[in-house]
>>> print(open('model31.csv').read())   # CSV, C-alpha atoms and all ligand atoms
chain,number,residue,atom,x,y,z
A,1,MET,CA,-4.1,12.5,27.5
A,2,ALA,CA,-1.7,11.9,24.8
A,3,ALA,CA,-2.8,8.3,24.4
A,4,ALA,CA,-6.5,9.2,24.3
A,5,LEU,CA,-6.1,11.9,21.7
A,6,GLY,CA,-3.7,9.7,19.8
A,7,ALA,CA,-6.2,6.9,19.7
A,8,LEU,CA,-9.0,9.3,18.6
A,9,PHE,CA,-7.0,10.6,15.7
A,10,ALA,CA,-5.6,7.2,14.8
A,11,LEU,CA,-9.2,6.0,14.2
A,12,THR,CA,-9.6,8.4,11.3
A,13,LEU,CA,-6.4,8.7,9.3
A,14,CYS,CA,-3.6,6.6,8.1
A,15,ALA,CA,-1.5,9.7,8.8
A,16,ALA,CA,-2.3,9.2,12.5
A,17,THR,CA,-0.4,12.3,12.8
A,18,ILE,CA,-2.0,15.0,14.7
A,19,PRO,CA,0.8,15.4,17.1
A,20,ALA,CA,-0.4,14.6,20.6
A,21,THR,CA,1.8,17.3,21.9
A,22,SER,CA,0.2,20.1,20.0
A,23,SER,CA,-3.2,18.9,21.0
A,24,GLU,CA,-2.0,18.8,24.6
A,25,LYS,CA,-0.9,22.3,24.2
A,26,GLU,CA,-4.4,23.4,23.1
A,27,ALA,CA,-6.0,21.7,26.0
A,28,GLY,CA,-3.4,23.0,28.4
A,29,ALA,CA,-3.9,26.5,27.2
A,30,ALA,CA,-6.9,26.6,29.5
A,31,THR,CA,-4.6,27.3,32.4
A,32,GLU,CA,-3.1,30.7,32.7
A,33,GLU,CA,0.3,29.4,33.7
A,34,LYS,CA,0.8,27.5,30.5
A,35,THR,CA,-0.5,30.4,28.4
A,36,ALA,CA,2.2,32.6,29.9
A,37,VAL,CA,4.9,30.1,29.1
A,38,LYS,CA,3.5,29.7,25.7
A,39,GLU,CA,3.6,33.5,25.0
A,40,GLU,CA,7.1,33.7,26.2
A,41,LYS,CA,8.1,30.9,23.9
A,42,ALA,CA,6.2,32.3,21.0
A,43,ALA,CA,8.0,35.7,21.4
A,44,ALA,CA,11.4,34.0,21.5
A,45,LYS,CA,10.5,32.0,18.5
A,46,LYS,CA,9.4,35.1,16.6
A,47,ALA,CA,12.7,36.8,17.3
A,48,SER,CA,14.7,33.8,16.1
A,49,GLU,CA,12.6,33.3,13.0
A,50,LYS,CA,12.6,36.9,11.7
A,51,ALA,CA,14.7,35.9,8.7
A,52,LEU,CA,12.4,33.2,7.5
A,53,THR,CA,9.7,33.6,4.9
A,54,PRO,CA,6.1,32.7,5.9
A,55,GLU,CA,6.5,29.4,4.0
A,56,GLU,CA,9.8,28.6,5.7
A,57,ARG,CA,8.2,29.4,9.0
A,58,ALA,CA,5.3,27.1,8.3
A,59,ALA,CA,7.7,24.3,7.2
A,60,GLU,CA,9.6,24.8,10.5
A,61,THR,CA,6.4,24.4,12.4
A,62,GLU,CA,5.6,21.2,10.5
A,63,LYS,CA,9.1,19.8,11.2
A,64,LYS,CA,8.7,20.6,14.9
A,65,GLN,CA,5.3,19.0,15.1
A,66,GLY,CA,6.6,15.9,13.3
A,67,ARG,CA,9.7,15.6,15.5
A,68,GLU,CA,7.6,15.8,18.6
A,69,ALA,CA,5.0,13.3,17.3
A,70,SER,CA,7.7,10.9,16.1
A,71,ALA,CA,9.4,11.0,19.5
A,72,GLU,CA,6.1,10.1,21.1
A,73,LEU,CA,5.4,7.3,18.6
A,74,GLU,CA,8.9,5.8,19.1
A,75,LYS,CA,8.2,5.6,22.8
A,76,GLN,CA,5.3,3.4,22.0
A,77,TYR,CA,6.7,1.1,19.3
A,78,LYS,CA,10.0,-0.7,18.8
A,79,LEU,CA,11.8,0.0,15.6
A,80,VAL,CA,13.0,-2.8,13.3
A,81,LYS,CA,16.8,-2.7,13.2
A,82,ASP,CA,17.4,-5.2,10.4
A,83,GLU,CA,19.7,-3.4,8.0
A,84,ALA,CA,18.4,-5.1,4.9
A,85,VAL,CA,14.8,-4.2,5.7
A,86,ASN,CA,15.7,-0.6,6.4
A,87,ALA,CA,17.8,-0.3,3.3
A,88,ARG,CA,14.9,-1.5,1.2
A,89,VAL,CA,12.5,1.0,2.6
A,90,GLU,CA,15.1,3.8,2.4
A,91,ARG,CA,16.2,3.1,-1.1
A,92,ILE,CA,12.6,3.3,-2.4
A,93,GLY,CA,11.7,6.2,-0.1
A,94,LYS,CA,14.7,8.4,-0.9
A,95,GLU,CA,13.9,8.3,-4.6
A,96,LEU,CA,10.3,9.3,-4.1
A,97,ALA,CA,11.2,12.0,-1.5
A,98,LYS,CA,13.6,13.6,-4.0
A,99,LEU,CA,10.8,13.8,-6.5
A,100,ALA,CA,8.5,15.3,-4.0
A,101,ASN,CA,11.1,17.9,-3.0
A,102,GLU,CA,11.7,18.8,-6.7
A,103,THR,CA,8.3,18.6,-8.4
A,104,GLU,CA,5.2,20.5,-7.7
A,105,VAL,CA,2.1,18.3,-8.2
A,106,HIS,CA,-1.4,19.6,-8.4
A,107,ALA,CA,-3.2,19.3,-5.0
A,108,HIS,CA,-6.8,18.2,-4.8
A,109,TYR,CA,-6.5,18.9,-1.1
A,110,GLY,CA,-3.9,20.6,1.1
A,111,SER,CA,-1.3,22.8,-0.6
A,112,PRO,CA,1.2,21.8,-3.4
A,113,LYS,CA,3.8,24.3,-2.2
A,114,ILE,CA,7.2,22.6,-2.1
A,115,ALA,CA,8.9,22.6,1.3
A,116,LYS,CA,12.2,20.8,1.0
A,117,PHE,CA,11.9,18.3,3.9
A,118,ASP,CA,14.6,15.9,5.0
A,119,TYR,CA,12.5,12.8,4.8
A,120,VAL,CA,13.2,10.0,7.3
A,121,PHE,CA,11.9,6.4,6.8
A,122,LYS,CA,11.6,4.0,9.6
A,123,VAL,CA,10.1,0.6,10.1
A,124,LEU,CA,7.9,-0.1,13.2
A,125,ASP,CA,8.0,-3.6,14.7
A,126,ASP,CA,4.2,-4.1,14.5
A,127,LYS,CA,2.2,-6.6,12.7
A,128,ASP,CA,-0.6,-4.3,11.6
A,129,VAL,CA,-0.9,-3.7,7.9
A,130,ASN,CA,-0.3,0.0,8.3
A,131,ALA,CA,1.9,3.0,7.4
A,132,LEU,CA,1.8,6.5,8.7
A,133,SER,CA,3.3,9.9,8.2
A,134,MET,CA,4.1,12.9,10.4
A,135,PRO,CA,4.3,16.5,9.1
A,136,GLY,CA,7.8,17.6,8.2
A,137,GLY,CA,9.0,14.4,6.6
A,138,PHE,CA,8.6,11.5,8.9
A,139,VAL,CA,7.4,8.2,7.3
A,140,TYR,CA,6.7,5.0,9.3
A,141,ILE,CA,6.1,1.7,7.7
A,142,ASN,CA,4.9,-1.2,9.8
A,143,LYS,CA,6.5,-4.6,9.6
A,144,GLY,CA,3.1,-6.1,8.9
A,145,LEU,CA,2.8,-4.0,5.8
A,146,LEU,CA,6.2,-5.1,4.5
A,147,ASP,CA,5.0,-8.7,4.8
A,148,TYR,CA,1.7,-7.8,3.0
A,149,VAL,CA,3.1,-6.1,-0.1
A,150,GLN,CA,3.9,-8.4,-3.0
A,151,SER,CA,6.6,-6.3,-4.7
A,152,ASP,CA,8.8,-3.2,-4.3
A,153,ASP,CA,6.3,-1.5,-6.6
A,154,GLU,CA,3.5,-2.0,-4.1
A,155,LEU,CA,5.8,-0.8,-1.3
A,156,ALA,CA,6.7,2.3,-3.3
A,157,ALA,CA,3.0,3.0,-3.7
A,158,VAL,CA,2.4,3.0,0.0
A,159,ILE,CA,5.5,5.2,0.6
A,160,ALA,CA,4.5,7.6,-2.1
A,161,HIS,CA,1.0,7.9,-0.6
A,162,GLU,CA,2.6,8.8,2.8
A,163,ILE,CA,5.0,11.3,1.3
A,164,ALA,CA,2.1,12.9,-0.5
A,165,HIS,CA,0.3,13.5,2.9
A,166,ILE,CA,3.5,15.4,4.0
A,167,SER,CA,4.4,17.2,0.8
A,168,HIS,CA,0.9,18.5,0.3
A,169,HIS,CA,0.8,19.6,3.9
A,170,HIS,CA,-2.4,17.8,4.7
A,171,MET,CA,-2.1,18.0,8.4
A,172,GLN,CA,-1.9,21.7,8.3
A,173,SER,CA,-5.1,21.9,6.4
A,174,LEU,CA,-6.8,19.4,8.7
A,175,LEU,CA,-5.7,21.4,11.7
A,176,LYS,CA,-6.9,24.7,10.3
A,177,GLU,CA,-10.3,23.3,9.3
A,178,GLN,CA,-11.1,21.8,12.6
A,179,SER,CA,-9.4,24.1,15.0
A,180,LYS,CA,-12.6,25.3,16.5
A,181,LEU,CA,-13.9,21.8,17.0
A,182,ASN,CA,-10.5,20.8,18.3
A,183,ASN,CA,-10.8,23.1,21.3
A,184,GLN,CA,-14.2,21.7,22.2
A,185,ILE,CA,-12.9,18.1,21.9
A,186,ALA,CA,-9.8,18.9,23.9
A,187,VAL,CA,-11.9,20.3,26.7
A,188,ALA,CA,-14.2,17.4,26.7
A,189,LEU,CA,-11.3,14.9,26.7
A,190,LEU,CA,-9.5,16.8,29.4
A,191,ALA,CA,-12.6,16.6,31.5
A,192,ALA,CA,-13.0,12.9,30.8
A,193,ILE,CA,-9.4,12.2,31.7
A,194,VAL,CA,-9.6,14.2,34.9
A,195,ALA,CA,-12.6,12.0,35.8
A,196,LYS,CA,-10.6,8.9,34.7
A,197,GLY,CA,-13.7,7.6,32.9
A,198,SER,CA,-15.5,6.9,36.1
A,199,ALA,CA,-18.3,9.4,35.6
A,200,GLY,CA,-21.0,8.2,33.2
A,201,ASP,CA,-21.9,11.7,32.0
A,202,VAL,CA,-18.3,12.4,31.1
A,203,GLY,CA,-18.2,9.1,29.2
A,204,ASN,CA,-21.3,10.1,27.2
A,205,LEU,CA,-20.0,13.6,26.5
A,206,MET,CA,-16.8,12.1,25.2
A,207,MET,CA,-18.6,9.6,23.1
A,208,GLY,CA,-20.7,12.4,21.6
A,209,ALA,CA,-17.7,14.5,21.0
A,210,GLN,CA,-15.8,11.6,19.4
A,211,MET,CA,-18.6,10.9,17.1
A,212,VAL,CA,-18.8,14.4,15.9
A,213,GLN,CA,-15.1,14.5,15.5
A,214,ILE,CA,-15.0,11.3,13.6
A,215,ALA,CA,-17.8,12.3,11.3
A,216,ARG,CA,-16.1,15.6,10.5
A,217,LEU,CA,-12.7,14.0,10.1
A,218,ASN,CA,-13.9,11.3,7.8
A,219,GLY,CA,-15.2,13.9,5.4
A,220,TYR,CA,-11.8,15.6,5.4
A,221,SER,CA,-9.8,12.4,5.4
A,222,ARG,CA,-11.6,11.2,2.4
A,223,GLN,CA,-10.4,14.2,0.4
A,224,ALA,CA,-6.9,13.9,1.9
A,225,GLU,CA,-6.7,10.2,1.0
A,226,LYS,CA,-7.8,10.8,-2.5
A,227,ASP,CA,-5.3,13.6,-2.9
A,228,ALA,CA,-2.6,11.3,-1.4
A,229,ASP,CA,-3.5,8.5,-3.9
A,230,MET,CA,-3.5,10.8,-6.9
A,231,THR,CA,-0.3,12.6,-5.9
A,232,ALA,CA,1.3,9.2,-5.2
A,233,ILE,CA,0.5,8.2,-8.8
A,234,ALA,CA,2.1,11.3,-10.1
A,235,TYR,CA,5.3,10.6,-8.1
A,236,LEU,CA,5.3,6.9,-9.1
A,237,ALA,CA,4.9,7.8,-12.7
A,238,MET,CA,8.1,9.8,-12.5
A,239,SER,CA,10.0,7.2,-10.5
A,240,LYS,CA,11.6,3.8,-11.4
A,241,SER,CA,8.6,2.0,-9.8
A,242,ASN,CA,5.6,0.7,-11.7
A,243,PRO,CA,2.6,2.8,-10.7
A,244,VAL,CA,0.3,-0.2,-11.1
A,245,GLY,CA,1.5,-1.3,-7.6
A,246,ILE,CA,-0.8,1.2,-6.0
A,247,LEU,CA,-3.8,-0.4,-7.8
A,248,THR,CA,-2.9,-4.0,-6.9
A,249,PHE,CA,-2.2,-3.0,-3.3
A,250,MET,CA,-5.6,-1.2,-3.0
A,251,GLU,CA,-7.5,-3.9,-4.8
A,252,ARG,CA,-6.0,-6.6,-2.4
A,253,LEU,CA,-6.9,-4.4,0.5
A,254,ALA,CA,-10.5,-4.0,-0.6
A,255,ARG,CA,-10.7,-7.8,-1.1
A,256,ASP,CA,-9.0,-8.8,2.1
A,257,GLU,CA,-10.9,-6.4,4.3
A,258,VAL,CA,-14.0,-8.3,3.4
A,259,ALA,CA,-12.5,-11.8,3.1
A,260,ARG,CA,-10.0,-11.9,5.9
A,261,PRO,CA,-11.3,-10.2,9.0
A,262,ALA,CA,-8.7,-12.0,11.1
A,263,ILE,CA,-5.9,-9.8,9.8
A,264,GLU,CA,-5.1,-6.9,12.0
A,265,TRP,CA,-5.8,-3.9,9.8
A,266,GLY,CA,-4.7,-1.2,12.0
A,267,ILE,CA,-5.6,2.2,10.6
A,268,TYR,CA,-6.3,0.8,7.1
A,269,GLN,CA,-9.5,-0.6,8.6
A,270,THR,CA,-10.9,2.9,8.6
A,271,HIS,CA,-9.2,4.2,5.5
A,272,PRO,CA,-12.1,5.2,3.4
A,273,TYR,CA,-13.6,2.8,1.0
A,274,PRO,CA,-10.7,0.8,-0.6
A,275,ALA,CA,-13.0,-0.4,-3.3
A,276,GLU,CA,-13.9,3.2,-4.3
A,277,ARG,CA,-10.3,4.2,-4.0
A,278,SER,CA,-9.3,1.3,-6.3
A,279,ARG,CA,-11.7,2.6,-9.0
A,280,ASP,CA,-10.4,6.2,-8.7
A,281,ILE,CA,-6.8,4.9,-9.0
A,282,LEU,CA,-7.7,2.7,-12.0
A,283,ASP,CA,-9.3,5.8,-13.7
A,284,GLU,CA,-6.2,7.9,-13.0
A,285,LEU,CA,-3.8,5.2,-14.3
A,286,ARG,CA,-5.8,4.9,-17.5
A,287,LYS,CA,-5.9,8.7,-17.9
A,288,ARG,CA,-2.1,8.6,-17.8
A,289,ASN,CA,-2.0,5.7,-20.3
A,290,VAL,CA,-0.2,3.5,-17.8
A,291,PRO,CA,-0.3,-0.1,-19.1
A,292,ILE,CA,-2.4,-2.1,-16.5
A,293,ASP,CA,-0.2,-5.2,-16.0
A,294,ARG,CA,-1.1,-6.4,-12.5
A,295,ARG,CA,1.2,-9.5,-12.8
A,296,ALA,CA,4.3,-7.3,-13.2
A,297,VAL,CA,3.8,-5.9,-9.6
A,298,THR,CA,2.4,-9.0,-7.8
A,299,THR,CA,3.4,-12.5,-7.0
A,300,ALA,CA,0.7,-13.8,-9.3
A,301,ALA,CA,1.4,-17.2,-10.8
A,302,MET,CA,3.5,-17.3,-14.0
A,303,ALA,CA,4.6,-20.1,-16.4
A,304,GLU,CA,8.3,-21.0,-16.3
A,305,LEU,CA,10.7,-23.0,-18.4
A,306,LYS,CA,12.6,-25.6,-16.4
A,307,LYS,CA,15.3,-28.1,-17.4
A,308,SER,CA,14.4,-31.7,-16.4
A,309,GLU,CA,16.3,-32.9,-13.4
A,310,ASN,CA,16.7,-36.5,-14.5
A,311,LYS,CA,16.3,-36.5,-18.3
A,312,PRO,CA,19.1,-35.0,-20.4
A,313,ASP,CA,18.1,-32.4,-23.0
A,314,VAL,CA,14.5,-32.5,-21.8
A,315,PHE,CA,12.7,-29.3,-20.9
A,316,GLU,CA,9.4,-28.8,-19.0
A,317,ALA,CA,6.7,-26.1,-18.8
A,318,TRP,CA,5.7,-25.2,-15.3
A,319,VAL,CA,2.8,-23.1,-14.2
A,320,GLY,CA,1.9,-21.7,-10.8
A,321,GLY,CA,4.8,-23.6,-9.2
A,322,ALA,CA,3.7,-27.0,-10.5
A,323,LYS,CA,5.0,-29.1,-13.4
A,324,MET,CA,2.6,-29.0,-16.3
A,325,PHE,CA,4.2,-30.6,-19.3
A,326,GLU,CA,7.4,-32.5,-20.2
A,327,ALA,CA,8.1,-31.8,-23.9
A,328,ALA,CA,9.7,-34.4,-26.2
A,329,ALA,CA,11.5,-33.3,-29.4
A,330,VAL,CA,9.1,-33.5,-32.3
A,331,ASP,CA,9.5,-32.9,-36.0
A,332,GLY,CA,12.8,-31.2,-35.8
A,333,GLN,CA,11.6,-29.0,-32.9
A,334,SER,CA,13.8,-29.5,-29.8
A,335,SER,CA,12.3,-30.2,-26.4
A,336,GLU,CA,13.5,-26.8,-25.3
A,337,ASP,CA,11.8,-25.0,-28.2
A,338,ARG,CA,8.5,-26.7,-27.6
A,339,ALA,CA,8.4,-26.2,-23.9
A,340,LYS,CA,9.5,-22.5,-24.4
A,341,ALA,CA,6.7,-21.9,-26.9
A,342,ILE,CA,4.1,-23.2,-24.4
A,343,VAL,CA,5.5,-21.1,-21.6
A,344,GLU,CA,5.5,-17.9,-23.7
A,345,LYS,CA,2.0,-18.5,-24.9
A,346,LEU,CA,0.8,-19.2,-21.4
A,347,ASN,CA,2.4,-16.1,-19.9
A,348,MET,CA,0.8,-14.0,-22.6
A,349,LEU,CA,-2.6,-15.6,-21.8
A,350,LEU,CA,-2.1,-15.1,-18.1
A,351,ASN,CA,-1.1,-11.5,-18.6
A,352,SER,CA,-4.1,-10.8,-20.6
A,353,GLY,CA,-6.4,-12.2,-17.9
A,354,VAL,CA,-7.2,-15.6,-19.3
A,355,SER,CA,-9.8,-17.5,-17.3
A,356,LEU,CA,-11.0,-21.1,-17.0
A,357,ARG,CA,-13.8,-20.6,-19.5
A,358,ASP,CA,-11.3,-19.7,-22.2
A,359,ILE,CA,-9.7,-23.1,-21.9
A,360,ARG,CA,-10.7,-26.2,-24.0
A,361,ARG,CA,-9.5,-29.7,-23.6
A,362,THR,CA,-9.9,-32.2,-26.4
A,363,THR,CA,-9.1,-35.9,-26.4
A,364,ASP,CA,-8.7,-36.6,-30.1
A,365,PRO,CA,-6.2,-35.3,-30.6
A,366,PRO,CA,-5.2,-34.9,-27.0
A,367,ALA,CA,-4.7,-31.2,-26.8
A,368,ILE,CA,-5.4,-28.0,-24.8
A,369,SER,CA,-6.4,-24.8,-26.5
A,370,ALA,CA,-7.0,-21.3,-25.2
A,371,ARG,CA,-9.3,-18.7,-26.9
A,372,GLY,CA,-9.4,-20.9,-29.9
A,373,GLU,CA,-5.6,-21.3,-30.3
A,374,LEU,CA,-3.7,-24.4,-29.7
A,375,LEU,CA,-1.6,-24.2,-26.5
A,376,LEU,CA,-0.2,-27.7,-26.5
A,377,GLN,CA,-0.7,-31.1,-28.1
A,378,VAL,CA,0.4,-34.4,-26.6
A,379,THR,CA,2.2,-36.5,-29.2
A,380,GLU,CA,3.3,-40.1,-29.4
A,381,ALA,CA,6.8,-38.9,-28.6
A,382,ASP,CA,5.6,-37.2,-25.5
A,383,ALA,CA,3.9,-40.4,-24.3
A,384,SER,CA,7.0,-42.5,-24.9
A,385,LEU,CA,9.2,-39.9,-23.1
A,386,SER,CA,6.9,-39.9,-20.1
A,387,ALA,CA,6.1,-43.6,-20.1
A,388,PRO,CA,4.4,-45.3,-18.3
A,389,MET,CA,2.1,-42.3,-18.5
A,390,THR,CA,-0.3,-42.4,-21.4
A,391,ALA,CA,-1.1,-39.5,-23.6
A,392,ALA,CA,-4.4,-39.2,-21.6
A,393,ASP,CA,-2.5,-39.1,-18.3
A,394,ILE,CA,-0.1,-36.4,-19.7
A,395,LEU,CA,-3.0,-34.3,-20.9
A,396,ARG,CA,-4.8,-34.7,-17.5
A,397,GLU,CA,-1.6,-33.6,-15.7
A,398,ALA,CA,-1.2,-30.5,-17.9
A,399,TYR,CA,-4.8,-29.6,-17.7
A,400,ASN,CA,-4.9,-30.0,-13.9
A,401,ALA,CA,-1.9,-27.7,-13.4
A,402,LEU,CA,-3.4,-25.0,-15.5
A,403,TYR,CA,-6.8,-25.5,-13.8
A,404,ARG,CA,-5.4,-25.1,-10.3
A,405,THR,CA,-3.6,-21.9,-11.3
A,406,LEU,CA,-6.6,-20.4,-12.9
A,407,VAL,CA,-8.9,-21.3,-10.0
A,408,GLU,CA,-6.5,-19.9,-7.6
A,409,GLN,CA,-6.2,-16.7,-9.7
A,410,ASP,CA,-10.0,-16.4,-9.8
A,411,LEU,CA,-10.2,-16.8,-6.0
A,412,GLN,CA,-7.6,-14.1,-5.6
A,413,GLN,CA,-9.6,-11.9,-8.0
A,414,VAL,CA,-6.5,-10.5,-9.4
A,415,TYR,CA,-8.6,-9.5,-12.4
B,501,ZN,ZN,-3.4,8.1,3.8
>>> encode(input="model31.csv", output="structure tokens", more="lines below")
Ligand SMILES: [Zn+2]
Amino acid sequence: MAAALGALFALTLCAATIPATSSEKEAGAATEEKTAVKEEKAAAKKASEKALTPEERAAETEKKQGREASAELEKQYKLVKDEAVNARVERIGKELAKLANETEVHAHYGSPKIAKFDYVFKVLDDKDVNALSMPGGFVYINKGLLDYVQSDDELAAVIAHEIAHISHHHMQSLLKEQSKLNNQIAVALLAAIVAKGSAGDVGNLMMGAQMVQIARLNGYSRQAEKDADMTAIAYLAMSKSNPVGILTFMERLARDEVARPAIEWGIYQTHPYPAERSRDILDELRKRNVPIDRRAVTTAAMAELKKSENKPDVFEAWVGGAKMFEAAAVDGQSSEDRAKAIVEKLNMLLNSGVSLRDIRRTTDPPAISARGELLLQVTEADASLSAPMTAADILREAYNALYRTLVEQDLQQVY
């Protein structure tokens, strides 16, 4: 029962969170015995919660649901125990949780009412690119997601999104909106489980019920996802993290969902429209005047200055992890100054989204320019420094390193 319901809900939300136990309760309520127990419990609960405000009582319910669902989840998955891994997730999570507990952010869905939850962050030993949240402050990040993000900023984006589902009480809204439907589904599922899937009719009934449920839930989840994205941006903008991480993460998701079907997508597979979400995220970042520097939050190739390993006082410009150019001292300019100037120009070009068509190579003089400006010129001194390479060889090596970087970048569609 729990597994079947869990799977059903997991299909539709990253917050795969409708606690199986509460759904079980609804289904179980069909029997008188359970109803009696339930009433007794409710009465006891009422007495003990007299002192609480309605908000506090609601928060207590969320915490209880979250605790039960987490316990269920942790029966099914192993947790990653690696201290460094957990410390990374916790450090980022705690900062964002504090912001969520202190700052009310407009809710496009759910409720912005602050309930001070004690957030808990755990890592599931699972290769799916996935994260999920449970009401009341429980956030789970899959190992597969940690391997997929390219920076702490991207990880912060995912955590902020999950926190937003919790802080804006999305699950409570979902449960309220579909409570009628839930009862029908619960009965249908219960019937199916009793029949252990052997009866064709029950199978069909279940299928129909599931489709209705999924259709309904997708509508809700789309609003919930949008609110989680927008709220995450608000939290990130107040945090130490760069909010652009949510954009690069979503863009890569949109791209890889199409390009790399072999990856196990877990719940993100059914997250609504990553391409559409990327556009909404970009709009929101622009509205907030966040500088859109994707390179700052990804492992995109950069140019670097390196000291030659075998030639004293000689410096090299590298790009995309490959040596591009070994600079000789020319006209009173040191090797270091020349190589450094090339690296700085290149990084500025890369940051501004330079592409192959902006690059020109000339043979006389042997030089590379970008957007009409000289990037590097191969001199006689360079040729004698790198002998037996000729000026033409040096130019070719430099151009090829740049070419490979830009082709790779275009393939990755970072821009
Ligand atoms: Zn979500």
>>> residues_near_point(input="model31.csv", point="(-11.4, -17.7, -23.1)", cutoff="8 Å", atoms="only C-alpha atoms", output="list in words")
Val354, Ser355, Leu356, Arg357, Asp358, Ile359, Ala370, Arg371 and Gly372 of chain A
>>> atom_distance(input="model31.csv", atom1="CA of Val89 (chain A)", atom2="CA of Asp125 (chain A)")
13.7 Å
>>> closest_residue(input="model31.csv", among="A:Leu174, A:Ala156, A:Val314, A:Ala232", to="Gly245 (chain A)", atoms="all atoms listed in the file")
A:Ala156
>>> atom_distance(input="model31.csv", atom1="CA of Ala228 (chain A)", atom2="CA of Ala164 (chain A)")
5.0 Å
>>> closest_residue(input="model31.csv", among="A:Val139, A:Leu175, A:Ala224, A:Ala71", to="ligand ZN 501 (chain B)", atoms="all atoms listed in the file")
A:Ala224
>>> atom_distance(input="model31.csv", atom1="CA of Ala237 (chain A)", atom2="CA of Ala254 (chain A)")
22.9 Å
>>> residues_around(input="model31.csv", residues="Ile368 (chain A)", least_positions_apart="4", cutoff="10 Å", atoms="all atoms listed in the file", output="PyMOL selection string")
chain A and resi 359-363+372-378+395-396+398-399+402
>>> residues_around(input="model31.csv", residues="Thr248 (chain A)", least_positions_apart="4", cutoff="8 Å", atoms="all atoms listed in the file", output="ChimeraX atom specification")
/A:154,244,252,294,297-298,414
>>> closest_residue(input="model31.csv", among="A:Thr103, A:Ser173, A:Ser241, A:Asn130", to="ligand ZN 501 (chain B)", atoms="only C-alpha atoms and all ligand atoms")
A:Asn130
>>> residues_around(input="model31.csv", residues="Pro112 (chain A)", least_positions_apart="5", cutoff="8 Å", atoms="all atoms listed in the file", output="list in words")
Glu104, Val105, His106, Ala107, Ser167, His168 and His169 of chain A
>>> closest_residue(input="model31.csv", among="A:Asp153, A:Glu62, A:Glu68, A:Asp229", to="ligand ZN 501 (chain B)", atoms="only C-alpha atoms and all ligand atoms")
A:Asp229
>>> closest_residue(input="model31.csv", among="A:Gly136, A:Gly144, A:Pro274, A:Gly93", to="ligand ZN 501 (chain B)", atoms="all atoms listed in the file")
A:Pro274
>>> closest_residue(input="model31.csv", among="A:Glu60, A:Asp147, A:Glu397, A:Asp256", to="Lys127 (chain A)", atoms="all atoms listed in the file")
A:Asp147
>>> residues_near_point(input="model31.csv", point="(4.2, 4.5, -8.7)", cutoff="12 Å", atoms="only C-alpha atoms", output="JSON, numbers by chain")
{"A": [92, 93, 95, 96, 99, 151, 152, 153, 154, 155, 156, 157, 158, 159, 160, 161, 164, 229, 230, 231, 232, 233, 234, 235, 236, 237, 238, 239, 240, 241, 242, 243, 244, 245, 246, 247, 248, 249, 281, 284, 285, 288, 290, 297]}
